[in-house]
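Text of the file entry10.tsv, holding TSV, C-alpha atoms:
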```tsv
chain	number	residue	atom	x	y	z
A	1	MET	CA	66.69	-30.48	83.89
A	2	SER	CA	65.51	-32.28	86.99
A	3	GLY	CA	62.41	-33.68	85.36
A	4	ILE	CA	60.52	-33.44	88.63
A	5	ARG	CA	56.80	-33.75	88.11
A	6	GLY	CA	55.15	-32.49	91.23
A	7	GLN	CA	51.51	-32.50	92.17
A	8	VAL	CA	51.05	-29.00	90.86
A	9	LEU	CA	51.65	-27.04	87.69
A	10	ASN	CA	54.27	-24.32	87.62
A	11	LYS	CA	53.07	-21.77	90.15
A	12	VAL	CA	54.79	-18.72	88.74
A	13	PRO	CA	54.41	-16.90	85.43
A	14	GLU	CA	56.57	-17.25	82.36
A	15	VAL	CA	58.93	-14.33	81.97
A	16	THR	CA	57.53	-12.11	79.23
A	17	ALA	CA	57.50	-8.39	78.46
A	18	ALA	CA	54.24	-8.11	80.39
A	19	PHE	CA	55.92	-9.80	83.35
A	20	TRP	CA	58.64	-7.13	83.51
A	21	ALA	CA	56.19	-4.30	82.93
A	22	ILE	CA	54.00	-5.38	85.86
A	23	LYS	CA	57.04	-6.05	88.04
A	24	LEU	CA	58.47	-2.59	87.31
A	25	LEU	CA	55.21	-0.72	87.93
A	26	SER	CA	54.30	-2.67	91.07
A	27	THR	CA	57.41	-1.33	92.79
A	28	THR	CA	56.18	2.25	92.53
A	29	VAL	CA	52.61	1.44	93.45
A	30	GLY	CA	53.69	-0.58	96.47
A	31	GLU	CA	55.99	2.12	97.76
A	32	THR	CA	53.47	4.92	97.24
A	33	GLY	CA	50.74	2.90	98.90
A	34	ALA	CA	52.86	2.23	101.96
A	35	ASP	CA	53.99	5.84	102.11
A	36	HIS	CA	50.41	7.03	101.88
A	37	LEU	CA	49.39	4.88	104.85
A	38	ALA	CA	52.44	5.86	106.90
A	39	VAL	CA	52.52	9.61	106.28
A	40	ASN	CA	49.24	10.88	104.78
A	41	ALA	CA	46.98	8.63	106.83
A	42	GLY	CA	49.33	9.14	109.78
A	43	LEU	CA	49.64	5.49	110.80
A	44	GLY	CA	53.41	5.69	111.18
A	45	ALA	CA	56.05	3.35	109.81
A	46	ALA	CA	55.66	0.64	112.47
A	47	THR	CA	51.87	0.24	112.15
A	48	THR	CA	52.06	0.35	108.35
A	49	THR	CA	54.68	-2.38	108.30
A	50	ALA	CA	52.60	-4.49	110.67
A	51	ILE	CA	49.48	-4.10	108.48
A	52	THR	CA	51.29	-4.87	105.23
A	53	ALA	CA	53.12	-7.82	106.79
A	54	VAL	CA	49.76	-9.33	107.83
A	55	LEU	CA	48.37	-8.70	104.33
A	56	LEU	CA	51.47	-10.31	102.84
A	57	ALA	CA	51.10	-13.36	105.08
A	58	GLY	CA	47.50	-13.70	103.88
A	59	ALA	CA	48.39	-13.29	100.21
A	60	LEU	CA	51.30	-15.71	100.52
A	61	ALA	CA	49.08	-18.31	102.21
A	62	LEU	CA	46.55	-17.92	99.39
A	63	GLN	CA	49.30	-18.15	96.74
A	64	MET	CA	50.84	-21.26	98.36
A	65	ARG	CA	47.47	-23.02	98.46
A	66	GLN	CA	46.88	-22.65	94.72
A	67	ARG	CA	47.70	-25.61	92.54
A	68	ARG	CA	48.58	-23.48	89.56
A	69	TYR	CA	49.53	-19.92	88.62
A	70	VAL	CA	46.67	-17.52	89.22
A	71	PRO	CA	47.71	-14.07	87.93
A	72	TRP	CA	45.92	-11.80	90.42
A	73	ILE	CA	47.02	-13.77	93.46
A	74	TYR	CA	50.60	-14.00	92.24
A	75	TRP	CA	50.86	-10.28	91.46
A	76	LEU	CA	49.10	-9.23	94.65
A	77	THR	CA	51.76	-11.20	96.49
A	78	VAL	CA	54.55	-9.51	94.49
A	79	VAL	CA	53.18	-6.02	95.25
A	80	LEU	CA	52.98	-6.84	98.98
A	81	VAL	CA	56.45	-8.42	99.00
A	82	SER	CA	57.67	-5.23	97.33
A	83	VAL	CA	56.14	-3.08	100.08
A	84	VAL	CA	57.42	-5.22	102.95
A	85	GLY	CA	60.88	-5.62	101.41
A	86	THR	CA	61.13	-1.86	101.03
A	87	GLN	CA	59.91	-1.23	104.57
A	88	VAL	CA	62.38	-3.68	106.06
A	89	THR	CA	65.21	-1.63	104.55
A	90	ASP	CA	63.60	1.69	105.53
A	91	ILE	CA	63.18	0.62	109.15
A	92	LEU	CA	66.76	-0.66	109.32
A	93	THR	CA	68.03	2.63	107.87
A	94	ASP	CA	65.75	5.25	109.41
A	95	LYS	CA	64.74	3.77	112.75
A	96	LEU	CA	67.63	1.53	113.68
A	97	GLY	CA	70.35	3.62	112.09
A	98	VAL	CA	71.90	0.72	110.18
A	99	SER	CA	74.26	2.00	107.48
A	100	LEU	CA	73.12	1.40	103.91
A	101	PHE	CA	76.61	0.08	103.23
A	102	VAL	CA	76.02	-2.63	105.82
A	103	SER	CA	72.46	-3.49	104.76
A	104	THR	CA	73.39	-3.65	101.06
A	105	GLY	CA	76.24	-6.04	101.86
A	106	VAL	CA	74.17	-8.15	104.23
A	107	PHE	CA	71.19	-8.45	101.85
A	108	ALA	CA	73.50	-9.39	98.97
A	109	CYS	CA	75.09	-12.12	101.06
A	110	ALA	CA	71.69	-13.31	102.36
A	111	LEU	CA	70.39	-13.53	98.78
A	112	ALA	CA	73.47	-15.47	97.72
A	113	ALA	CA	72.96	-17.79	100.71
A	114	VAL	CA	69.31	-18.42	99.72
A	115	PHE	CA	70.39	-19.27	96.15
A	116	ALA	CA	73.11	-21.56	97.50
A	117	ALA	CA	70.64	-23.37	99.79
A	118	TRP	CA	68.06	-23.53	96.99
A	119	PHE	CA	70.59	-25.04	94.58
A	120	ALA	CA	71.99	-27.40	97.21
A	121	THR	CA	68.58	-28.89	98.06
A	122	GLU	CA	66.89	-28.77	94.66
A	123	GLY	CA	69.76	-29.13	92.21
A	124	THR	CA	68.29	-26.31	90.12
A	125	LEU	CA	67.34	-22.66	90.40
A	126	SER	CA	64.93	-22.93	87.51
A	127	ILE	CA	62.01	-20.55	87.68
A	128	HIS	CA	60.18	-22.65	85.11
A	129	ALA	CA	59.64	-25.49	87.54
A	130	ILE	CA	58.33	-23.98	90.75
A	131	VAL	CA	56.27	-27.09	91.30
A	132	THR	CA	56.85	-27.95	94.95
A	133	ARG	CA	56.09	-26.04	98.11
A	134	ARG	CA	59.76	-25.96	99.10
A	135	ARG	CA	60.82	-24.48	95.78
A	136	GLU	CA	58.08	-21.93	96.05
A	137	GLY	CA	59.33	-21.04	99.53
A	138	PHE	CA	62.82	-20.45	98.13
A	139	TYR	CA	61.32	-18.44	95.26
A	140	TRP	CA	59.42	-16.02	97.50
A	141	LEU	CA	62.26	-15.69	99.99
A	142	ALA	CA	64.60	-14.80	97.13
A	143	ILE	CA	62.08	-12.26	95.80
A	144	LEU	CA	61.71	-10.63	99.22
A	145	LEU	CA	65.50	-10.30	99.44
A	146	THR	CA	65.80	-8.86	95.91
A	147	PHE	CA	63.38	-6.09	96.91
A	148	ALA	CA	65.25	-5.40	100.16
A	149	LEU	CA	68.58	-5.46	98.31
A	150	GLY	CA	67.26	-3.37	95.43
A	151	THR	CA	65.96	-0.76	97.89
A	152	ALA	CA	69.20	-0.64	99.89
A	153	ALA	CA	71.42	-0.53	96.78
A	154	GLY	CA	69.23	2.13	95.13
A	155	ASP	CA	69.22	4.29	98.29
A	156	LEU	CA	72.96	3.79	98.60
A	157	ALA	CA	73.42	5.10	95.06
A	158	THR	CA	71.38	8.18	96.04
A	159	GLU	CA	73.16	8.76	99.34
A	160	ALA	CA	76.75	7.95	98.50
A	161	LEU	CA	76.89	9.02	94.88
A	162	GLY	CA	74.17	11.65	94.81
A	163	LEU	CA	72.43	9.72	92.07
A	164	GLY	CA	69.13	11.43	91.32
A	165	PHE	CA	66.16	9.80	89.62
A	166	ASN	CA	66.94	11.24	86.18
A	167	LEU	CA	70.34	9.64	86.03
A	168	GLY	CA	68.89	6.66	87.91
A	169	VAL	CA	66.40	5.91	85.12
A	170	LEU	CA	69.24	6.15	82.62
A	171	ILE	CA	71.74	3.99	84.51
A	172	PHE	CA	69.38	1.29	85.82
A	173	GLY	CA	67.61	1.25	82.43
A	174	THR	CA	70.95	0.72	80.69
A	175	VAL	CA	71.83	-2.11	83.08
A	176	LEU	CA	68.48	-3.77	82.36
A	177	ALA	CA	69.00	-3.39	78.61
A	178	ALA	CA	72.51	-4.82	78.95
A	179	LEU	CA	71.07	-7.82	80.82
A	180	ALA	CA	68.48	-8.34	78.09
A	181	LEU	CA	71.26	-8.20	75.51
A	182	ALA	CA	73.40	-10.63	77.51
A	183	ARG	CA	70.44	-12.99	77.77
A	184	GLY	CA	69.95	-12.67	74.00
A	185	VAL	CA	73.49	-13.73	73.24
A	186	GLY	CA	73.27	-16.74	75.51
A	187	ALA	CA	74.12	-15.65	79.05
A	188	ASN	CA	72.79	-17.84	81.86
A	189	PRO	CA	69.01	-17.28	81.92
A	190	VAL	CA	68.61	-17.90	85.67
A	191	LEU	CA	71.41	-15.49	86.56
A	192	THR	CA	70.19	-12.75	84.20
A	193	PHE	CA	66.62	-13.18	85.48
A	194	TRP	CA	67.56	-12.58	89.10
A	195	LEU	CA	69.93	-9.71	88.30
A	196	ALA	CA	67.14	-8.08	86.30
A	197	TYR	CA	64.78	-8.70	89.21
A	198	ILE	CA	67.12	-6.76	91.52
A	199	VAL	CA	67.76	-3.86	89.14
A	200	THR	CA	64.08	-3.33	88.29
A	201	ARG	CA	63.52	-2.31	91.94
A	202	PRO	CA	65.60	0.92	91.78
A	203	LEU	CA	64.57	1.40	88.12
A	204	GLY	CA	60.89	1.29	89.09
A	205	ALA	CA	61.50	3.70	91.95
A	206	SER	CA	63.44	6.14	89.72
A	207	LEU	CA	60.79	5.95	87.03
A	208	GLY	CA	58.04	6.65	89.55
A	209	ASP	CA	60.03	9.60	90.92
A	210	LEU	CA	60.65	10.98	87.44
A	211	LEU	CA	56.92	11.08	86.75
A	212	SER	CA	55.76	12.21	90.19
A	213	GLN	CA	58.39	14.70	91.36
A	214	ALA	CA	57.84	18.43	90.88
A	215	ARG	CA	59.39	20.14	87.87
A	216	GLU	CA	61.64	22.24	90.11
A	217	TYR	CA	63.38	18.98	91.06
A	218	GLY	CA	63.64	17.79	87.48
A	219	GLY	CA	60.56	15.59	87.50
A	220	LEU	CA	57.54	15.75	85.23
A	221	GLY	CA	55.29	16.96	88.03
A	222	PHE	CA	52.40	14.50	87.72
A	223	GLY	CA	52.28	14.02	91.48
A	224	THR	CA	52.55	10.84	93.52
A	225	ALA	CA	48.85	10.00	93.66
A	226	GLN	CA	48.22	10.38	89.93
A	227	THR	CA	51.36	8.49	88.94
A	228	SER	CA	50.46	5.59	91.20
A	229	LEU	CA	46.86	5.48	90.04
A	230	VAL	CA	47.97	5.34	86.40
A	231	PHE	CA	50.52	2.63	87.20
A	232	LEU	CA	47.88	0.71	89.15
A	233	ALA	CA	45.46	0.95	86.24
A	234	VAL	CA	48.10	-0.43	83.86
A	235	ILE	CA	48.88	-3.27	86.28
A	236	VAL	CA	45.19	-4.17	86.65
A	237	ALA	CA	44.73	-4.07	82.87
A	238	LEU	CA	47.77	-6.30	82.25
A	239	VAL	CA	46.85	-8.79	84.98
A	240	ALA	CA	43.26	-8.91	83.74
A	241	THR	CA	44.51	-9.59	80.20
A	242	LEU	CA	46.80	-12.34	81.48
A	243	SER	CA	43.89	-13.84	83.41
A	244	LEU	CA	41.43	-13.78	80.52
A	245	VAL	CA	43.73	-14.88	77.73
A	246	PRO	CA	44.67	-18.51	78.30
A	247	PRO	CA	48.38	-19.31	77.98
A	248	THR	CA	49.22	-20.55	74.52
A	249	ARG	CA	51.40	-23.29	75.88
A	250	GLU	CA	51.25	-25.52	78.92
A	251	PRO	CA	52.79	-23.38	81.67
A	252	GLU	CA	54.58	-26.38	83.11
A	253	GLY	CA	56.14	-27.14	79.78
A	254	ARG	CA	59.56	-25.60	79.58
A	255	ARG	CA	62.23	-27.37	81.51
A	256	GLY	CA	65.78	-26.75	82.38
A	257	ALA	CA	67.46	-23.35	82.32
B	1	MET	CA	75.56	-25.26	85.18
B	2	ARG	CA	76.68	-25.99	88.73
B	3	THR	CA	79.95	-24.13	88.19
B	4	VAL	CA	78.13	-21.15	86.73
B	5	ILE	CA	75.76	-20.95	89.69
B	6	LEU	CA	78.56	-21.36	92.22
B	7	ALA	CA	80.61	-18.71	90.43
B	8	ALA	CA	77.61	-16.38	90.47
B	9	VAL	CA	77.04	-16.95	94.18
B	10	VAL	CA	80.69	-16.30	94.97
B	11	ALA	CA	80.66	-13.19	92.77
B	12	VAL	CA	77.59	-11.83	94.57
B	13	ILE	CA	79.16	-12.45	97.98
B	14	ILE	CA	82.40	-10.75	97.02
B	15	GLY	CA	80.66	-7.95	95.14
B	16	GLY	CA	78.10	-7.48	97.89
B	17	THR	CA	80.86	-7.02	100.44
B	18	ALA	CA	83.36	-5.10	98.35
B	19	ALA	CA	81.06	-2.69	96.50
B	20	PRO	CA	79.75	-0.92	99.62
B	21	LEU	CA	83.29	-0.62	100.99
B	22	VAL	CA	84.52	0.93	97.74
B	23	LEU	CA	81.58	3.34	97.77
B	24	LEU	CA	82.36	4.20	101.39
B	25	ALA	CA	85.94	5.03	100.41
B	26	VAL	CA	84.74	7.13	97.46
B	27	GLN	CA	82.33	8.98	99.73
B	28	ASP	CA	85.06	9.69	102.30
B	29	SER	CA	87.50	11.00	99.74
B	30	ALA	CA	84.79	13.13	98.14
B	31	GLY	CA	84.31	14.83	101.50
B	32	ALA	CA	80.61	14.27	101.94
B	33	ALA	CA	80.62	16.14	105.25
B	34	PRO	CA	77.61	18.36	105.83
B	35	SER	CA	78.18	21.90	104.65
B	36	THR	CA	77.72	23.87	107.82
B	37	PHE	CA	79.25	27.14	106.78
B	38	SER	CA	78.09	27.68	103.24
B	39	ARG	CA	74.70	27.66	101.61
B	40	SER	CA	73.54	24.09	101.36
B	41	SER	CA	73.30	22.58	97.89
B	42	LEU	CA	69.80	21.44	98.84
B	43	GLY	CA	68.75	24.65	97.11
B	44	ASP	CA	65.71	26.78	97.86
B	45	LEU	CA	64.00	25.54	101.01
B	46	SER	CA	61.90	28.66	101.59
B	47	LYS	CA	58.53	26.97	101.12
B	48	PHE	CA	59.41	24.55	103.92
B	49	ARG	CA	60.82	27.29	106.11
B	50	THR	CA	57.58	29.28	105.73
B	51	ILE	CA	55.66	26.41	107.34
B	52	VAL	CA	58.16	26.26	110.21
B	53	VAL	CA	57.68	30.00	110.81
B	54	ASP	CA	53.91	29.41	111.01
B	55	VAL	CA	54.41	26.49	113.39
B	56	LYS	CA	56.67	28.59	115.58
B	57	ALA	CA	54.16	31.46	115.69
B	58	LEU	CA	51.39	29.06	116.74
B	59	ALA	CA	53.58	27.37	119.34
B	60	ASP	CA	54.71	30.73	120.73
B	61	ARG	CA	51.07	31.71	121.10
B	62	GLY	CA	50.60	28.54	123.12
B	63	ASP	CA	48.32	26.89	120.53
B	64	LEU	CA	50.09	23.55	120.37
B	65	PRO	CA	47.20	21.67	118.69
B	66	ALA	CA	47.23	24.19	115.81
B	67	ALA	CA	51.02	23.94	115.60
B	68	LYS	CA	50.68	20.16	115.44
B	69	ALA	CA	48.13	20.47	112.61
B	70	ARG	CA	50.30	22.92	110.65
B	71	ILE	CA	53.49	20.87	110.92
B	72	LYS	CA	51.73	18.01	109.16
B	73	ASP	CA	51.93	20.17	106.00
B	74	LEU	CA	55.68	20.25	106.45
B	75	GLU	CA	55.82	16.48	106.95
B	76	LEU	CA	53.83	15.86	103.76
B	77	SER	CA	55.64	18.34	101.52
B	78	TRP	CA	59.09	17.36	102.84
B	79	ASP	CA	58.33	13.67	102.37
B	80	GLY	CA	56.98	14.32	98.88
B	81	ALA	CA	60.14	16.16	97.83
B	82	GLU	CA	62.56	13.55	99.19
B	83	ALA	CA	63.44	12.02	95.81
B	84	GLY	CA	64.13	15.48	94.39
B	85	LEU	CA	66.10	16.96	97.30
B	86	LYS	CA	68.06	14.13	98.86
B	87	PRO	CA	70.42	13.44	95.91
B	88	ARG	CA	71.50	17.11	95.98
B	89	ALA	CA	73.06	16.83	99.42
B	90	ALA	CA	72.23	13.66	101.34
B	91	ALA	CA	74.08	14.68	104.53
B	92	ASP	CA	72.28	18.04	104.73
B	93	TRP	CA	68.99	16.37	103.92
B	94	HIS	CA	69.42	14.03	106.89
B	95	ILE	CA	70.17	16.96	109.23
B	96	VAL	CA	66.91	18.67	108.23
B	97	ASP	CA	64.98	15.39	108.27
B	98	LYS	CA	66.16	14.62	111.79
B	99	ALA	CA	65.20	18.11	112.99
B	100	ILE	CA	61.73	17.71	111.45
B	101	ASP	CA	61.35	14.34	113.17
B	102	GLY	CA	62.30	15.97	116.47
B	103	ALA	CA	59.67	18.69	116.09
B	104	LEU	CA	57.01	16.18	114.98
B	105	GLU	CA	57.75	13.99	117.96
B	106	ALA	CA	57.57	16.89	120.43
B	107	LEU	CA	54.30	18.26	119.04
B	108	ARG	CA	52.70	14.83	118.81
B	109	ALA	CA	53.57	13.75	122.34
B	110	SER	CA	50.54	13.21	124.53
B	111	PRO	CA	50.33	15.55	126.21
B	112	PRO	CA	52.81	17.80	124.40
B	113	GLU	CA	55.41	19.38	126.65
B	114	PRO	CA	55.46	23.15	125.85
B	115	ALA	CA	59.14	23.63	126.66
B	116	ALA	CA	60.16	20.65	124.54
B	117	CYS	CA	57.98	21.88	121.65
B	118	HIS	CA	59.53	25.36	121.71
B	119	ARG	CA	63.01	23.88	121.84
B	120	ALA	CA	62.38	21.48	118.95
B	121	VAL	CA	60.69	24.10	116.73
B	122	ASP	CA	63.42	26.68	117.43
B	123	GLU	CA	66.04	24.10	116.60
B	124	LEU	CA	64.21	23.24	113.38
B	125	LEU	CA	64.06	26.89	112.32
B	126	ALA	CA	67.74	27.28	113.15
B	127	VAL	CA	68.56	24.29	110.96
B	128	PHE	CA	66.65	25.79	108.02
B	129	ASP	CA	68.37	29.15	108.52
B	130	ARG	CA	71.75	27.45	108.59
B	131	MET	CA	70.96	25.62	105.34
B	132	GLN	CA	69.84	28.83	103.65
B	133	ALA	CA	72.60	31.07	104.98
B	134	ALA	CA	74.30	32.80	102.06
```

Please, can you express the file's structure as C-alpha cells?
Amino acid sequence: MSGIRGQVLNKVPEVTAAFWAIKLLSTTVGETGADHLAVNAGLGAATTTAITAVLLAGALALQMRQRRYVPWIYWLTVVLVSVVGTQVTDILTDKLGVSLFVSTGVFACALAAVFAAWFATEGTLSIHAIVTRRREGFYWLAILLTFALGTAAGDLATEALGLGFNLGVLIFGTVLAALALARGVGANPVLTFWLAYIVTRPLGASLGDLLSQAREYGGLGFGTAQTSLVFLAVIVALVATLSLVPPTREPEGRRGA
Amino acid sequence: MRTVILAAVVAVIIGGTAAPLVLLAVQDSAGAAPSTFSRSSLGDLSKFRTIVVDVKALADRGDLPAAKARIKDLELSWDGAEAGLKPRAAADWHIVDKAIDGALEALRASPPEPAACHRAVDELLAVFDRMQAA
C-alpha cells in the first residue's frame, strides 16, 4: 500500500499455521517459566519481573538491530514479551489490587490508542511491511499490550463468569476458528490478525491448563513441568525448521493489507 | 481501509469500556458474594488443610524454620491447582489465597515474629475450616 522501501527487509514473520502454533505454545511456556522462577525457585513476583524485563530489553535490542527476520531472535522476544505482559497484569491485580474490569478496559483502550497512533503516523497497520524502526516499535508495543489485554480478559472470564479451562479451550478456540473463517471470506486481514493475536493468549493458557491440571480438576494431569517441556520442544523444533528451510518467497514481498 | 481501521479502533474503545461494565453488572446480579455460611463450592480442600495442620503443629512447638519449610508445600500445591480451583468459586479462592499469603509473609519475615506467625497460621486454618464446613 505505502510502497515504502526501507533499509531493511520485513523484520517479522509471515503469518502461517506454524506462526500461530508457536505463538499459542509460547504463551504457556512463558507463563510456566515465570511461575517456576517466582514460586518454585522462590524469587518472588517482583524479582522475577525485574529479571524477565531485563531479558526482554536484551532480546528486543537484539531483534531491533537485525536487518531481517531471524526466527530464533524474533520468537525469543515474543516469549519474553508474553511473560512480561502477563506479569504486568498479575502485579496490577495481585499486588496493587487493581480490578480486572479496570485493567481489561484500560489495556483495550491503550491498544486502540497504539493502533490509532501507528495508523496516524504510518498510514498503514500492515504487518507485512515492518521495515522501519518506528514501525517495529509500534509492532512490539502492540504485541505487549495484546498479551496484557489477553491475560486480563482471560482472568476476567475466569473470575466474573467462572469460566474454567475446559470451557475456555472450547470458547476461545471457537472464536479463533470464527476469525479464521471471517478472514477466509474476506474480512480485514489486519483486524483479524490482531484479534486472533489477543484471543490466542487466553486460548494458550487454557490449553496449557487442560494438559497440566490434575484429573480431579478436569485436566489431563500431565503436570506443569512436563506440559511446558513438551511445548518448548515443539517450539524449538518449529523455529529450527523455520530457520533451516529458506522462505520460498521474498519475505518483503507482499504489500498492502 | 482508513474507515475500517477507524471503525475498529472505535469499536475496541467502546467494547473495551462497556464489556467489563456489563460483566460487572452480571457478576453483581449473580450474587458472587463469598459463601461464608455454606460449604464452599471450591470442593475438597483437605489435602491443603492437612499441610496447614502440620504447619500449625510445627509453629506451636516453636519450630518456625520447619513451619516455614512445610508451608512451601502449601504454596506450591495451591499455586499449581489455581487453574482448577479458582473458576469454581473465585471469591472464596481469593479469601484462601489471601490467608495463605498472610501466613507465608509471617513465617518468612526475618526474623519471624512468633505471635504474628501463630495468629496468621490460626487464621489460615480457620479459613480452611470455614470453607469446608458442611

| field | Test item: chain A residues at most 8 Å from chain B, counting only C-alpha atoms, as a PyMOL selection string | value | chain A and resi 39-40+101-102+104-106+108-109+112-113+115-116+158-165+188+191+209+213-214+217-219+224

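Across the structure, CA of Arg183 (chain A) and CA of Thr16 (chain A) are spaced 13.0 Å apart.
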
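Minimum atom-to-atom distance to Ile71 (chain B), evaluated using all atoms listed in the file, belongs to B:Val121 out of B:Val121, B:Ser110, B:Ser40, B:Asp92.
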
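Excluding Val55 (chain B) and any residue on its chain fewer than 4 positions from it, the residues at most 7 Å away by only C-alpha atoms are Ile51, Ala59, Ala67, Arg70 and Ile71 of chain B.
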
Might I get the box with edges along x, y and z of the file that holds all atoms of region 177-196 of chain A listed there, padded by 3 Å on every side, given as centre and edge lengths in Å to one decimal, as lines of an AutoDock Vina configuration file?
```
center_x = 70.4
center_y = -10.6
center_z = 81.2
size_x = 13.5
size_y = 20.5
size_z = 21.9
```

Could you name the residues that touch Lys56 (chain B) at 12 Å or less, counting all atoms listed in the file, but leaving out those on the same chain fewer than 2 positions away, as a compact mmCIF listing (two decimals) with C-alpha atoms, in the coordinates of the input?
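out-v3.txt written:
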```
# COMPACT_ATOMS: atom_id res chain seq x y z
CA ARG B 49 60.82 27.29 106.11
CA THR B 50 57.58 29.28 105.73
CA ILE B 51 55.66 26.41 107.34
CA VAL B 52 58.16 26.26 110.21
CA VAL B 53 57.68 30.00 110.81
CA ASP B 54 53.91 29.41 111.01
CA LEU B 58 51.39 29.06 116.74
CA ALA B 59 53.58 27.37 119.34
CA ASP B 60 54.71 30.73 120.73
CA ARG B 61 51.07 31.71 121.10
CA GLY B 62 50.60 28.54 123.12
CA ASP B 63 48.32 26.89 120.53
CA LEU B 64 50.09 23.55 120.37
CA ALA B 66 47.23 24.19 115.81
CA ALA B 67 51.02 23.94 115.60
CA LYS B 68 50.68 20.16 115.44
CA ARG B 70 50.30 22.92 110.65
CA ILE B 71 53.49 20.87 110.92
CA ALA B 103 59.67 18.69 116.09
CA LEU B 107 54.30 18.26 119.04
CA PRO B 114 55.46 23.15 125.85
CA CYS B 117 57.98 21.88 121.65
CA HIS B 118 59.53 25.36 121.71
CA ARG B 119 63.01 23.88 121.84
CA ALA B 120 62.38 21.48 118.95
CA VAL B 121 60.69 24.10 116.73
CA ASP B 122 63.42 26.68 117.43
CA GLU B 123 66.04 24.10 116.60
CA LEU B 124 64.21 23.24 113.38
CA LEU B 125 64.06 26.89 112.32
CA ALA B 126 67.74 27.28 113.15
```

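When all atoms listed in the file are used to measure the gap to Glu31 (chain A), the shortest distance among A:Phe222, A:Trp118, A:Tyr197, A:Phe231 belongs to A:Phe231.
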
Residues near Pro112 (chain B), cut-off 9 Å, all atoms listed in the file, skip fewer than 6 positions along chain, as a PDB file with C-alpha atoms, in the frame of the given file:
```pdb
ATOM      1  CA  LEU B  64      50.090  23.550 120.370  1.00  0.00           C
ATOM      2  CA  PRO B  65      47.200  21.670 118.690  1.00  0.00           C
ATOM      3  CA  GLU B 105      57.750  13.990 117.960  1.00  0.00           C
ATOM      4  CA  ALA B 106      57.570  16.890 120.430  1.00  0.00           C
TER       5      ALA B 106
END
```

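With only C-alpha atoms as the atoms that count, the minimum distance from Thr151 (chain A) to the choices A:Ser212, A:Thr227, A:Thr27, A:Thr192 is reached by A:Thr27.
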